[in-house]
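Chemist: Pasting in a structure now, in structure tokens, and then I'll have a few things to ask.
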Amino acid sequence: MNERLLEFLLKSEVEKLSEEKKSLYKFIVENEDLLAQQADTVNQFHQLLVHQSPYKLASRYFNIPYSIVFQQMNEIETELNINVEKRYEQSKWIDMTDRFSHRSIGTGERKVFLFIS
């Protein structure tokens with residue numbers, strides 16, 4: 001699977017979520033990312049997740065029970081995974097490099113052009 005395409009599709013699907021779901025999802029993911037940046041190892045990251053749980057932070061921030069946060073995040077992630085997978089299967093990458101490479105600026109770098117339909 002193409003990581004860049006999957007990343008693009010995920011961002012696109014997150015933006016389609018309801019405001020409530022989008023806020024919760026982004027809050028938790030952003031807090032997980034902050035913890036990942038602080039950690040030097042996977043083990044340290046897991047420790048940070050336990051001690052500074054983004055789910056617990058979300059529970060306090062949004063004033064909803066932890067169990068509901070956990071349940072909603074599972075539902076959101078399932079919805080996102082299904083929608084991203086569906087869109088990925090419908091996507092088609094076409095390498096257009098040969099058609100446009102002769103127009104490349106004389107910087108000596110090779111450019112790759114892809115068209116997604």
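Residues in the structure tokens are numbered from 1 in each chain, the chains being A, B, ... in the order shown, and ligands are numbered from 1 in the order shown.
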Stretch 8-38 of chain A near stretch 65-70 of chain A within 10 Å: what's each residue's closest atom pair and its distance in Å to one decimal, counting only C-alpha atoms, ordered by chain then ascending residue number, as a Markdown table?

Modeler:
```
| residue | atom | partner | partner_atom | distance |
| --- | --- | --- | --- | --- |
| A:Leu24 | CA | A:Val69 | CA | 8.0 |
| A:Tyr25 | CA | A:Val69 | CA | 9.6 |
| A:Ile28 | CA | A:Val69 | CA | 9.6 |
```

Chemist: Within 7 Å of stretch 9-16 of chain A, counting only C-alpha atoms, which residues qualify if same-chain residues fewer than 4 places away don't, as a PyMOL selection string?

Modeler: chain A and resi 5+22+80+84

Chemist: Take the residues from that selection and write them out as a PDB file, in the first residue's frame, keeping C-alpha atoms.

Modeler:
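New file result.pdb:
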```pdb
ATOM      1  CA  LEU A   5      -2.002   7.943  -0.482  1.00  0.00           C
ATOM      2  CA  LYS A  22     -13.480  15.072  14.563  1.00  0.00           C
ATOM      3  CA  LEU A  80     -12.162   5.690   9.235  1.00  0.00           C
ATOM      4  CA  VAL A  84     -10.067   4.708   3.798  1.00  0.00           C
TER       5      VAL A  84
END
```

Chemist: Residues at most 10 Å from A:Phe62, counting only C-alpha atoms, excluding those fewer than 4 positions away in the same chain, as a list in words?

Modeler: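 So the residues in contact are Glu20, Ser23, Leu24, Phe27, Lys56, Leu57, Ala58 and Val69 of chain A.
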
Chemist: With C-alpha atoms retained, write the just-selected residues as a PDB file, in the first residue's frame.

Modeler:
```pdb
ATOM      1  CA  GLU A  20     -17.955  16.036  17.634  1.00  0.00           C
ATOM      2  CA  SER A  23     -12.735  17.008  17.764  1.00  0.00           C
ATOM      3  CA  LEU A  24     -12.383  13.871  19.842  1.00  0.00           C
ATOM      4  CA  PHE A  27      -7.561  15.670  20.389  1.00  0.00           C
ATOM      5  CA  LYS A  56      -8.143  10.166  30.173  1.00  0.00           C
ATOM      6  CA  LEU A  57      -7.224  13.691  29.094  1.00  0.00           C
ATOM      7  CA  ALA A  58     -10.048  13.600  26.543  1.00  0.00           C
ATOM      8  CA  VAL A  69     -14.296   8.060  25.038  1.00  0.00           C
TER       9      VAL A  69
END
```

Chemist: To one decimal place in Å, what is the distance between atom CA of A:Gln37 and atom CA of A:Tyr55?

Modeler: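 Computing the Euclidean distance for atom CA of A:Gln37 and atom CA of A:Tyr55 yields 17.5 Å.
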
Chemist: Could you jot down the atom CA of A:Asn63 to atom CA of A:His46 separation for me, Å, one decimal place?

Modeler: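 Interatomic distance here is 24.6 Å.
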